[in-house]
Amino acid sequence: MRYAFIREHQGVHRISLLCRILRVSRSGYYEWLGRGPSERAQANVRLLGEIRRVHARHRGHSGAEKTWRVLRREGVDGGRHRIARLRREHGIVAKRRRRFVITTRSKVGATVAPNRLERCFTAEQANRAWVGDVTFIPTRQGWLYLAVLLDLYSRRVVGWSMSERNDTALVSAALEMALAQRQPAPAA
């Protein structure tokens, strides 16, 4: 580290001054300059190539632990912490899989709404048939739920609502927005 610092700053300060301040000999610095990479550094380069190979073979889904196990099984020398350090230093990060989240829980004995459209998703005039859905959006603070109502005639959003909870209040707010904006005539 000291020798590398001297090499980086030799254009700004004299080498003899830097060596004196860092308490290293000039002859040691010049010997270090002529020296090639250490055996450990060369072994790290080889190990890094193996790490990249395993990482690519698993399409980026292997972490340090899995990489270490695979390399150990293949007979490649390298400790678990050394592999983790090399991955970290070179920005090799595993892709994280999202865990499955159950967003709805049906209540036992709940009544099911009748299917009035019977899969006919067209309407002859505006405000005769609205359809809706709820989806979830992952954010840094957690899940955000979005309820949307569409008019089947115009295919436009007539009402929407967002909430941190997937409940009847979310859907009711979207319906209230649609009723306030469109003001449909009462059904005959």
# chains A, B, ... in the order shown; residues from 1 in each chain; ligands from 1

$ residues_around --residues "Gly63 (chain A)" --least-positions-apart "2" --cutoff "6 Å" --atoms "only C-alpha atoms" --output "list in words"
Glu65, Lys66 and Ala94 of chain A

$ write_last_selection --atoms "C-alpha atoms" --output "PDB file, in the first residue's frame"
ATOM      1  CA  GLU A  65     -21.596 -19.455  -0.611  1.00  0.00           C
ATOM      2  CA  LYS A  66     -22.848 -21.361  -3.653  1.00  0.00           C
ATOM      3  CA  ALA A  94     -26.022 -12.384  -7.386  1.00  0.00           C
TER       4      ALA A  94
END

$ select_by_dssp --residues "region 45-176 of chain A" --states "helix (DSSP H, G or I)" --output "PyMOL selection string"
chain A and resi 45-57+64-73+80-89+168-176

$ select_by_dssp --residues "region 103-170 of chain A" --states "strand (DSSP E or B)" --output "number ranges by chain"
A: 130-139, 142-151, 157-163

$ residues_around --residues "Gly49 (chain A)" --least-positions-apart "4" --cutoff "12 Å" --atoms "only C-alpha atoms" --output "VMD selection string"
chain A and resid 42 to 45 53 to 56 71 76 83 86 to 87 90 92

$ residues_around --residues "region 149-163 of chain A" --least-positions-apart "4" --cutoff "8 Å" --atoms "only C-alpha atoms" --output "list in words"
Phe121, Thr122, Ala123, Glu124, Gln125, Ala126, Asn127, Arg128, Ala129, Trp130, Val131, Gly132, Asp133, Leu144, Tyr145, Leu170, Val171, Ala173, Ala174, Leu175, Glu176, Met177, Ala178, Leu179, Gln181 and Arg182 of chain A

$ atom_distance --atom1 "CA of Gly60 (chain A)" --atom2 "CA of Val93 (chain A)"
7.5 Å

$ residues_around --residues "region 12-26 of chain A" --least-positions-apart "4" --cutoff "7 Å" --atoms "only C-alpha atoms" --output "JSON, numbers by chain"
{"A": [2, 6, 30]}

$ write_last_selection --atoms "N, CA and C atoms" --output "short mmCIF file (atom, residue, chain, number, x, y, z; two decimals), in the first residue's frame"
data_model
loop_
_atom_site.label_atom_id
_atom_site.label_comp_id
_atom_site.auth_asym_id
_atom_site.auth_seq_id
_atom_site.Cartn_x
_atom_site.Cartn_y
_atom_site.Cartn_z
N ARG A 2 1.93 1.26 0.80
CA ARG A 2 2.79 2.45 0.87
C ARG A 2 3.50 2.67 -0.46
N ILE A 6 3.31 5.84 -3.08
CA ILE A 6 4.48 6.58 -3.60
C ILE A 6 4.43 6.65 -5.12
N TYR A 30 12.24 0.83 -5.06
CA TYR A 30 12.68 0.53 -6.42
C TYR A 30 12.67 -0.98 -6.68
#

$ closest_residue --among "A:Phe100, A:Glu164, A:Arg119, A:Thr111" --to "Ile137 (chain A)" --atoms "only C-alpha atoms"
A:Glu164
